[in-house]
Amino acid sequence: MALEICVKAAAGAPDVLGDCPFCQRVLLTLEEKKVSYKMHLVNLSDKPQWFLEISPGGKVPVVKFDDKWVPDSDVIVGILEEKYPEPSLKTPPEFASVGSKIFGTFVTLLKSKDANDGSEQALLDELKALDEHLKGQGPFIAGEKITAVDLGLGPKLYHLEIALGHFKNWTVPESLTHVHNYMKSIFSGESFVKTQAAREYVITGWAPEVNA
Ligand SMILES: N[C@@H](CCC(=O)N[C@@H](CS)C(=O)NCC(=O)O)C(=O)O
């Protein structure tokens, strides 16, 4: 039986898959594990009552396991790994937090109104650390095989590339070749392409935050 999952609908297009990196992380995990699923698209700007009943915090993703709706991509991915151990997507613990500060520093730069507040440097430091990590290994964070940490970070880098490119005319420096190759490897994966939000919806999704 297919697992049920609630994900974000695109801003302004309630019938189209939206731009939630946490939802994509879970969808990628389902795809990589070849678990069949049924998606419910949720319009987050006008949350329906049925959704608020199953997700009192009002957040996506939520997945139904044994008749119980479970929120939070960290928790959901953990349950998926337990219930569907093959193929294993476990990340060795020493690599589990690689890249974990990139999303926060990216959002700070995206929202920054002051070019000298250090937010660009903070993001660059995190991307350089990722580049160093990938040097001599890869193409993925734990080596040859894609694992959970990549499925979490990939969607965030996808948002970073589109949103900073669009709103700040900012791109990852060419010198960070390992990060560039990493993004290429992740973004070209079949499951990534299948579960990604269209570029235009990533932009419309971030616009209110940037203009706040
Ligand atoms: N920690 C949560 C974060 C999920 C999250 O923040 N989802 C956003 C969409 S990307 C959301 O549902 N926001 C609710 C809203 O916009 O009202 C997870 O990993 O699942």
# chains A, B, ... in the order shown; residues from 1 in each chain; ligands from 1
call {"tool": "closest_atom_pairs", "arguments": {"of": "chain A", "to": "ligand 1", "cutoff": "10 Å", "atoms": "only C-alpha atoms and all ligand atoms", "output": "tab-separated table"}}
result
residue	atom	partner	partner_atom_place_in_ligand_line	distance
A:Cys6	CA	ligand 1	12 (O)	9.7
A:Val7	CA	ligand 1	12 (O)	8.1
A:Lys8	CA	ligand 1	9 (C)	6.5
A:Ala9	CA	ligand 1	9 (C)	9.6
A:Gly18	CA	ligand 1	10 (S)	8.8
A:Asp19	CA	ligand 1	10 (S)	6.8
A:Cys20	CA	ligand 1	10 (S)	3.8
A:Pro21	CA	ligand 1	10 (S)	5.9
A:Phe22	CA	ligand 1	20 (O)	5.1
A:Cys23	CA	ligand 1	20 (O)	7.0
A:Gln24	CA	ligand 1	10 (S)	9.3
A:Arg25	CA	ligand 1	19 (O)	8.7
A:Val26	CA	ligand 1	20 (O)	8.7
A:Val42	CA	ligand 1	12 (O)	9.2
A:Asn43	CA	ligand 1	16 (O)	9.1
A:Leu44	CA	ligand 1	17 (O)	5.4
A:Ser45	CA	ligand 1	17 (O)	6.8
A:Asp46	CA	ligand 1	17 (O)	8.9
A:Lys47	CA	ligand 1	17 (O)	8.0
A:Ser55	CA	ligand 1	12 (O)	9.4
A:Gly57	CA	ligand 1	14 (C)	7.9
A:Gly58	CA	ligand 1	14 (C)	5.6
A:Lys59	CA	ligand 1	12 (O)	3.2
A:Val60	CA	ligand 1	12 (O)	4.0
A:Pro61	CA	ligand 1	20 (O)	5.4
A:Val62	CA	ligand 1	20 (O)	7.6
A:Val70	CA	ligand 1	20 (O)	9.7
A:Pro71	CA	ligand 1	20 (O)	6.3
A:Asp72	CA	ligand 1	20 (O)	3.4
A:Ser73	CA	ligand 1	20 (O)	3.8
A:Asp74	CA	ligand 1	19 (O)	5.6
A:Val75	CA	ligand 1	19 (O)	8.0
A:Ile76	CA	ligand 1	20 (O)	8.1
A:Val77	CA	ligand 1	19 (O)	9.5
A:Gly152	CA	ligand 1	19 (O)	9.1
A:Gly205	CA	ligand 1	10 (S)	9.0
call {"tool": "select_by_dssp", "arguments": {"residues": "stretch 14-207 of chain A", "states": "strand (DSSP E or B)", "output": "list of chain:residue names"}}
result
A:Pro14, A:Asp15, A:Val16, A:Leu17, A:Tyr37, A:Lys38, A:Met39, A:His40, A:Leu41, A:Val42, A:Val62, A:Val63, A:Lys64, A:Phe65, A:Lys68, A:Trp69, A:Val70, A:Pro71, A:Phe140, A:Gly143
call {"tool": "write_last_selection", "arguments": {"atoms": "N, CA and C atoms", "output": "mmCIF file, in the first residue's frame"}}
result
data_model
loop_
_atom_site.group_PDB
_atom_site.id
_atom_site.type_symbol
_atom_site.label_atom_id
_atom_site.label_comp_id
_atom_site.auth_asym_id
_atom_site.auth_seq_id
_atom_site.Cartn_x
_atom_site.Cartn_y
_atom_site.Cartn_z
ATOM 1 N N PRO A 14 -1.904 25.780 -6.683
ATOM 2 C CA PRO A 14 -2.190 24.743 -5.687
ATOM 3 C C PRO A 14 -2.160 23.304 -6.207
ATOM 4 N N ASP A 15 -2.126 23.127 -7.550
ATOM 5 C CA ASP A 15 -2.088 21.757 -8.079
ATOM 6 C C ASP A 15 -0.691 21.324 -8.494
ATOM 7 N N VAL A 16 0.300 22.157 -8.168
ATOM 8 C CA VAL A 16 1.670 21.867 -8.615
ATOM 9 C C VAL A 16 2.562 21.685 -7.387
ATOM 10 N N LEU A 17 3.521 20.770 -7.482
ATOM 11 C CA LEU A 17 4.457 20.530 -6.383
ATOM 12 C C LEU A 17 5.233 21.809 -6.052
ATOM 13 N N TYR A 37 4.249 5.989 -2.997
ATOM 14 C CA TYR A 37 3.627 6.983 -2.134
ATOM 15 C C TYR A 37 2.558 7.762 -2.896
ATOM 16 N N LYS A 38 1.650 8.333 -2.102
ATOM 17 C CA LYS A 38 0.588 9.162 -2.659
ATOM 18 C C LYS A 38 0.756 10.555 -2.062
ATOM 19 N N MET A 39 0.911 11.558 -2.934
ATOM 20 C CA MET A 39 1.158 12.920 -2.453
ATOM 21 C C MET A 39 -0.143 13.702 -2.318
ATOM 22 N N HIS A 40 -0.242 14.455 -1.228
ATOM 23 C CA HIS A 40 -1.320 15.427 -1.093
ATOM 24 C C HIS A 40 -0.654 16.797 -1.101
ATOM 25 N N LEU A 41 -1.049 17.648 -2.027
ATOM 26 C CA LEU A 41 -0.466 18.990 -2.096
ATOM 27 C C LEU A 41 -1.244 19.914 -1.177
ATOM 28 N N VAL A 42 -0.513 20.640 -0.321
ATOM 29 C CA VAL A 42 -1.173 21.517 0.645
ATOM 30 C C VAL A 42 -0.829 22.971 0.343
ATOM 31 N N VAL A 62 4.363 15.894 6.309
ATOM 32 C CA VAL A 62 3.846 14.907 7.260
ATOM 33 C C VAL A 62 3.568 13.623 6.482
ATOM 34 N N VAL A 63 3.864 12.494 7.135
ATOM 35 C CA VAL A 63 3.690 11.187 6.487
ATOM 36 C C VAL A 63 2.870 10.300 7.421
ATOM 37 N N LYS A 64 1.993 9.500 6.821
ATOM 38 C CA LYS A 64 1.137 8.618 7.621
ATOM 39 C C LYS A 64 1.810 7.247 7.767
ATOM 40 N N PHE A 65 2.141 6.919 9.010
ATOM 41 C CA PHE A 65 2.695 5.589 9.311
ATOM 42 C C PHE A 65 1.725 4.893 10.246
ATOM 43 N N LYS A 68 -0.983 6.887 11.792
ATOM 44 C CA LYS A 68 -0.624 8.074 12.574
ATOM 45 C C LYS A 68 0.187 9.023 11.686
ATOM 46 N N TRP A 69 -0.218 10.299 11.665
ATOM 47 C CA TRP A 69 0.512 11.278 10.857
ATOM 48 C C TRP A 69 1.728 11.792 11.623
ATOM 49 N N VAL A 70 2.884 11.714 10.992
ATOM 50 C CA VAL A 70 4.136 12.091 11.658
ATOM 51 C C VAL A 70 4.752 13.293 10.948
ATOM 52 N N PRO A 71 5.024 14.394 11.707
ATOM 53 C CA PRO A 71 5.694 15.546 11.104
ATOM 54 C C PRO A 71 7.214 15.457 11.266
ATOM 55 N N PHE A 140 29.889 12.062 -3.432
ATOM 56 C CA PHE A 140 28.941 12.417 -2.384
ATOM 57 C C PHE A 140 29.657 12.589 -1.041
ATOM 58 N N GLY A 143 31.198 9.572 0.244
ATOM 59 C CA GLY A 143 32.013 8.845 -0.743
ATOM 60 C C GLY A 143 31.223 8.503 -1.986
#
call {"tool": "closest_atom_pairs", "arguments": {"of": "stretch 10-72 of chain A", "to": "stretch 86-97 of chain A", "cutoff": "9 Å", "atoms": "only C-alpha atoms", "output": "Markdown table"}}
result
| residue | atom | partner | partner_atom | distance |
| --- | --- | --- | --- | --- |
| A:Thr29 | CA | A:Leu89 | CA | 8.1 |
| A:Glu32 | CA | A:Pro87 | CA | 7.7 |
| A:Lys33 | CA | A:Pro87 | CA | 5.9 |
| A:Lys34 | CA | A:Pro87 | CA | 8.9 |
call {"tool": "write_last_selection", "arguments": {"atoms": "N, CA and C atoms", "output": "mmCIF file, in the first residue's frame"}}
result
data_model
loop_
_atom_site.group_PDB
_atom_site.id
_atom_site.type_symbol
_atom_site.label_atom_id
_atom_site.label_comp_id
_atom_site.auth_asym_id
_atom_site.auth_seq_id
_atom_site.Cartn_x
_atom_site.Cartn_y
_atom_site.Cartn_z
ATOM 1 N N THR A 29 13.989 10.430 -0.412
ATOM 2 C CA THR A 29 14.225 9.206 0.363
ATOM 3 C C THR A 29 13.273 8.103 -0.110
ATOM 4 N N GLU A 32 14.485 6.970 -3.600
ATOM 5 C CA GLU A 32 15.719 6.162 -3.561
ATOM 6 C C GLU A 32 15.442 4.774 -2.993
ATOM 7 N N LYS A 33 14.479 4.693 -2.071
ATOM 8 C CA LYS A 33 14.140 3.404 -1.466
ATOM 9 C C LYS A 33 13.039 2.675 -2.241
ATOM 10 N N LYS A 34 12.578 3.293 -3.301
ATOM 11 C CA LYS A 34 11.530 2.732 -4.159
ATOM 12 C C LYS A 34 10.267 2.359 -3.373
#
call {"tool": "residues_around", "arguments": {"residues": "A:Thr171", "least_positions_apart": "3", "cutoff": "12 Å", "atoms": "only C-alpha atoms", "output": "list in words"}}
result
Phe106, Leu110, Glu120, Leu123, Leu124, Leu127, Leu157, Tyr158, His159, Leu160, Glu161, Ile162, Ala163, Leu164, Gly165, His166, Phe167, Lys168, Glu174, Ser175, Leu176, Val179 and His180 of chain A
call {"tool": "atom_distance", "arguments": {"atom1": "atom CA of A:Asn169", "atom2": "atom CA of A:Lys113"}}
result
14.0 Å
call {"tool": "atom_distance", "arguments": {"atom1": "atom CA of A:Ala129", "atom2": "atom CA of A:Ala207"}}
result
28.4 Å
call {"tool": "closest_residue", "arguments": {"among": "A:Lys83, A:Lys194, A:His178, A:Lys128", "to": "A:Leu28", "atoms": "only C-alpha atoms"}}
result
A:Lys194
